[in-house]
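To start, the structure under review is shown below, and the notes come after it.
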Amino acid sequence: MIRLLALLLLAALPASAETVVAGQSLDEIGITARFDGSEVLIYGAVRRDAPEPEGPPLEVIVTLEGPSGAVTIRKKTREAGIWINTEQVGVAATPSYYAVASTGPLADILDPAEDVRQRISVPLAVRAFSGPLEVDDARPFTEALLRIREAEGLYSLSEGTVRLVEGTLFRADFRLPANLVEGTYKTRIFLLRGGKVIDAYRAALPVRKVGIERILFALSRQNPLAYGLLSLVLAVTAGWAASAAFRFLRS
């Protein structure tokens with residue numbers, strides 16, 4: 001009986017006339033010693049149950065977000081000729097990587113209230129502060145974090161780069177840097193009309209170390225003592241080999 005009522009309620013809900021069907025060029029990204037970044041293509045189409053509605057044009061926003069972690073932002077000031085940390089702000093969770101691509105300027109295609117609800121733009125991807133603030137104005141700290149990560153290629157906004165063909169097909173290209181954090185990356189695609197999100201799509205993109213790098217990483221986490229001893233043996237062996245090679249070249 002309960003299941004029947006749930007089905008009736010779902011059937012009574014208005015269905016979205018436009019929905020996203022999407023995919024990714026990669027199912028997984030493997031990090032090796034020679035990893036120097038990767039390119040990911042996110043593509044899709046708009047499925048319609050009725051003719052395309054009149055009114056505001058269809059817009060698309062695609063985001064790619066890396067694993068989040070806590071961050072402490074510190075401010076240095078010069079005291080008695082020495083640079084020291086005087087103020088700091090803690091952020092509860094901020095993405096290790098965050099990129100946004102869209103069919104047009106976010107200010108023109110995304111309603112601010114919708115941005116707050118979905119956390120789409122780069123500044124809103126930074127989550128709430130951890131604990132009570134000990135500074136009067138936290139904006140310079142978050143702006144510094146965004147500026148640093150943008151310079152490192154970890155945060156980016158590419159407006160007008162999503163190509164929408166005949167209001168149906170679209171694609172977004174992302175260039176991931178070499179300094180990626182291992183974990184599950186999240187893909188989000190938003191369809192918008194008049195600044196409002198009418199449908200959203202979500203998918204996962206695993207990023208993990210592979211090969212010998214994966215073995216060493218797991219060993220360092222699961223058995224730190226064995227990892228330390230192995231590192232010591234490798235360092236001593238490398239030093240001895242370099243010394244022997246130098247003596248051979250001089251003889």
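Residues in the structure tokens are numbered from 1 in each chain, the chains being A, B, ... in the order shown, and ligands are numbered from 1 in the order shown.
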
For segment 20-71 of chain A versus segment 139-161 of chain A, which residues have an atom no more than 12 Å away, and what is each residue's nearest atom pair and distance in Å rounded to one decimal, using only C-alpha atoms, chain-then-number order, as CSV?
```
residue,atom,partner,partner_atom,distance
A:Gly37,CA,A:Gly153,CA,10.8
A:Glu59,CA,A:Gly160,CA,10.2
A:Val60,CA,A:Gly160,CA,9.7
A:Ile61,CA,A:Glu159,CA,9.0
A:Val62,CA,A:Ser158,CA,9.9
A:Thr63,CA,A:Leu157,CA,9.3
A:Leu64,CA,A:Tyr155,CA,9.9
A:Glu65,CA,A:Tyr155,CA,9.3
A:Gly66,CA,A:Leu154,CA,9.2
A:Pro67,CA,A:Leu154,CA,11.8
A:Val71,CA,A:Leu145,CA,9.2
```

Step one, run DSSP on the backbone; step two, keep only residues of segment 52-215 of chain A assigned to strand (DSSP E); then write them as a ChimeraX atom specification. /A:58-65,68-79,82-95,98-102,155-159,163-165,169-176,183-193,196-209

Interatomic distance between atom CA of Val46 of chain A and atom CA of Leu110 of chain A?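 Interatomic distance, atom CA of Val46 of chain A to atom CA of Leu110 of chain A: 18.4 Å.
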
Would you list the contacts of Glu166 of chain A as an NGL selection string, taking every protein, DNA or RNA residue within 12 Å and counting only C-alpha atoms, but skipping same-chain residues closer than 3 positions in sequence? :A and (45-46 or 52 or 57-59 or 163 or 169-170)

Leaving out Glu39 of chain A and any residue of its chain fewer than 4 positions from it, which residues lie within 12 Å of it when counting only C-alpha atoms, given as a short mmCIF file (atom, residue, chain, number, x, y, z; two decimals) with all heavy atoms, in the first residue's frame?
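To be explicit, this is the file written out as result-v8.cif:
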```
data_model
loop_
_atom_site.label_atom_id
_atom_site.label_comp_id
_atom_site.auth_asym_id
_atom_site.auth_seq_id
_atom_site.Cartn_x
_atom_site.Cartn_y
_atom_site.Cartn_z
N GLN A 24 31.59 11.00 -19.86
CA GLN A 24 32.95 11.52 -19.68
C GLN A 24 33.91 10.73 -20.56
O GLN A 24 33.70 9.55 -20.82
CB GLN A 24 33.38 11.42 -18.21
CG GLN A 24 32.49 12.16 -17.25
CD GLN A 24 32.81 11.88 -15.80
OE1 GLN A 24 32.50 12.67 -14.93
NE2 GLN A 24 33.40 10.75 -15.51
N SER A 25 34.97 11.41 -21.01
CA SER A 25 35.94 10.74 -21.86
C SER A 25 36.80 9.75 -21.09
O SER A 25 37.39 8.84 -21.68
CB SER A 25 36.85 11.78 -22.54
OG SER A 25 37.54 12.55 -21.57
N LEU A 26 36.89 9.91 -19.76
CA LEU A 26 37.68 9.01 -18.92
C LEU A 26 36.82 8.46 -17.80
O LEU A 26 36.02 9.19 -17.21
CB LEU A 26 38.89 9.75 -18.33
CG LEU A 26 39.93 10.32 -19.30
CD1 LEU A 26 40.98 11.11 -18.54
CD2 LEU A 26 40.59 9.21 -20.10
N GLU A 28 38.47 6.88 -15.28
CA GLU A 28 39.40 6.93 -14.15
C GLU A 28 40.69 7.60 -14.60
O GLU A 28 41.09 7.50 -15.76
CB GLU A 28 39.67 5.52 -13.61
CG GLU A 28 40.59 5.47 -12.40
CD GLU A 28 40.82 4.04 -11.94
OE1 GLU A 28 41.76 3.42 -12.45
OE2 GLU A 28 40.06 3.57 -11.08
N ILE A 29 41.37 8.28 -13.69
CA ILE A 29 42.66 8.90 -13.96
C ILE A 29 43.69 8.25 -13.05
O ILE A 29 43.51 8.21 -11.83
CB ILE A 29 42.62 10.42 -13.73
CG1 ILE A 29 41.66 11.08 -14.72
CG2 ILE A 29 44.02 11.02 -13.88
CD1 ILE A 29 41.52 12.57 -14.52
N PHE A 35 53.26 11.34 -14.35
CA PHE A 35 52.00 12.04 -14.55
C PHE A 35 52.24 13.55 -14.62
O PHE A 35 52.79 14.15 -13.70
CB PHE A 35 51.03 11.72 -13.42
CG PHE A 35 49.69 12.38 -13.55
CD1 PHE A 35 48.75 11.90 -14.45
CD2 PHE A 35 49.36 13.49 -12.78
CE1 PHE A 35 47.52 12.50 -14.58
CE2 PHE A 35 48.13 14.09 -12.89
CZ PHE A 35 47.20 13.59 -13.80
N LEU A 64 33.78 20.70 -12.24
CA LEU A 64 34.58 19.52 -11.87
C LEU A 64 35.26 19.84 -10.56
O LEU A 64 36.04 20.80 -10.46
CB LEU A 64 35.61 19.21 -12.96
CG LEU A 64 36.45 17.94 -12.75
CD1 LEU A 64 35.57 16.71 -12.61
CD2 LEU A 64 37.43 17.76 -13.91
N ALA A 172 32.41 20.17 -22.79
CA ALA A 172 33.28 21.03 -21.99
C ALA A 172 34.61 20.30 -21.81
O ALA A 172 34.63 19.11 -21.47
CB ALA A 172 32.65 21.33 -20.63
N ASP A 173 35.71 21.00 -22.05
CA ASP A 173 37.05 20.43 -21.92
C ASP A 173 37.73 20.98 -20.68
O ASP A 173 37.75 22.20 -20.46
CB ASP A 173 37.88 20.75 -23.17
CG ASP A 173 37.27 20.16 -24.43
OD1 ASP A 173 37.62 19.02 -24.76
OD2 ASP A 173 36.45 20.85 -25.08
N PHE A 174 38.31 20.07 -19.90
CA PHE A 174 39.03 20.47 -18.69
C PHE A 174 40.46 19.96 -18.76
O PHE A 174 40.71 18.82 -19.17
CB PHE A 174 38.36 19.90 -17.44
CG PHE A 174 37.01 20.49 -17.14
CD1 PHE A 174 35.86 19.89 -17.62
CD2 PHE A 174 36.89 21.65 -16.40
CE1 PHE A 174 34.61 20.43 -17.37
CE2 PHE A 174 35.65 22.20 -16.13
CZ PHE A 174 34.51 21.59 -16.62
N ARG A 175 41.39 20.82 -18.39
CA ARG A 175 42.80 20.45 -18.29
C ARG A 175 43.17 20.38 -16.82
O ARG A 175 43.19 21.39 -16.11
CB ARG A 175 43.67 21.48 -19.00
CG ARG A 175 45.17 21.28 -18.81
CD ARG A 175 45.64 20.00 -19.46
NE ARG A 175 47.05 19.76 -19.17
CZ ARG A 175 47.72 18.68 -19.56
NH1 ARG A 175 47.09 17.73 -20.25
NH2 ARG A 175 48.99 18.52 -19.27
N LEU A 176 43.44 19.15 -16.33
CA LEU A 176 43.78 18.95 -14.93
C LEU A 176 45.29 19.04 -14.76
O LEU A 176 46.04 18.45 -15.55
CB LEU A 176 43.28 17.59 -14.44
CG LEU A 176 41.79 17.49 -14.09
CD1 LEU A 176 40.93 17.59 -15.33
CD2 LEU A 176 41.48 16.18 -13.36
N PRO A 177 45.77 19.77 -13.74
CA PRO A 177 47.21 19.92 -13.54
C PRO A 177 47.85 18.66 -12.97
O PRO A 177 47.17 17.70 -12.61
CB PRO A 177 47.29 21.08 -12.53
CG PRO A 177 46.01 20.98 -11.76
CD PRO A 177 44.98 20.51 -12.76
N ALA A 178 49.18 18.69 -12.90
CA ALA A 178 49.91 17.51 -12.42
C ALA A 178 49.78 17.32 -10.91
O ALA A 178 49.92 16.20 -10.42
CB ALA A 178 51.39 17.64 -12.81
#
```

Residues at most 6 Å from segment 195-209 of chain A, counting only C-alpha atoms, excluding those fewer than 5 positions away in the same chain, as a ChimeraX atom specification? /A:19,28-31,109-111,182-190,214

Once DSSP has gone over the backbone, tell me which residues of segment 2-247 of chain A are in helix (DSSP H, G or I), as a PyMOL selection string. chain A and resi 2-12+106-109+112-118+122-125+139-151+212-222+224-247

Between A:Gly69, A:Gly55, A:Leu180, A:Ala17, which is the closest to Gly90 of chain A once you count only C-alpha atoms?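 Under the stated criterion, the closest residue is A:Gly69.
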
Coordinates-based distance that separates atom CA of Arg47 of chain A from atom CA of Gly167 of chain A (Å, one decimal):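 Between atom CA of Gly167 of chain A and atom CA of Arg47 of chain A the gap works out to 10.5 Å.
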
Find the residue from A:Thr168, A:Thr94, A:Ala101, A:Val21 that sits nearest to Pro51 of chain A; use only C-alpha atoms when measuring.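 Ranking A:Thr168, A:Thr94, A:Ala101, A:Val21 by distance to Pro51 of chain A, first place goes to A:Thr168.
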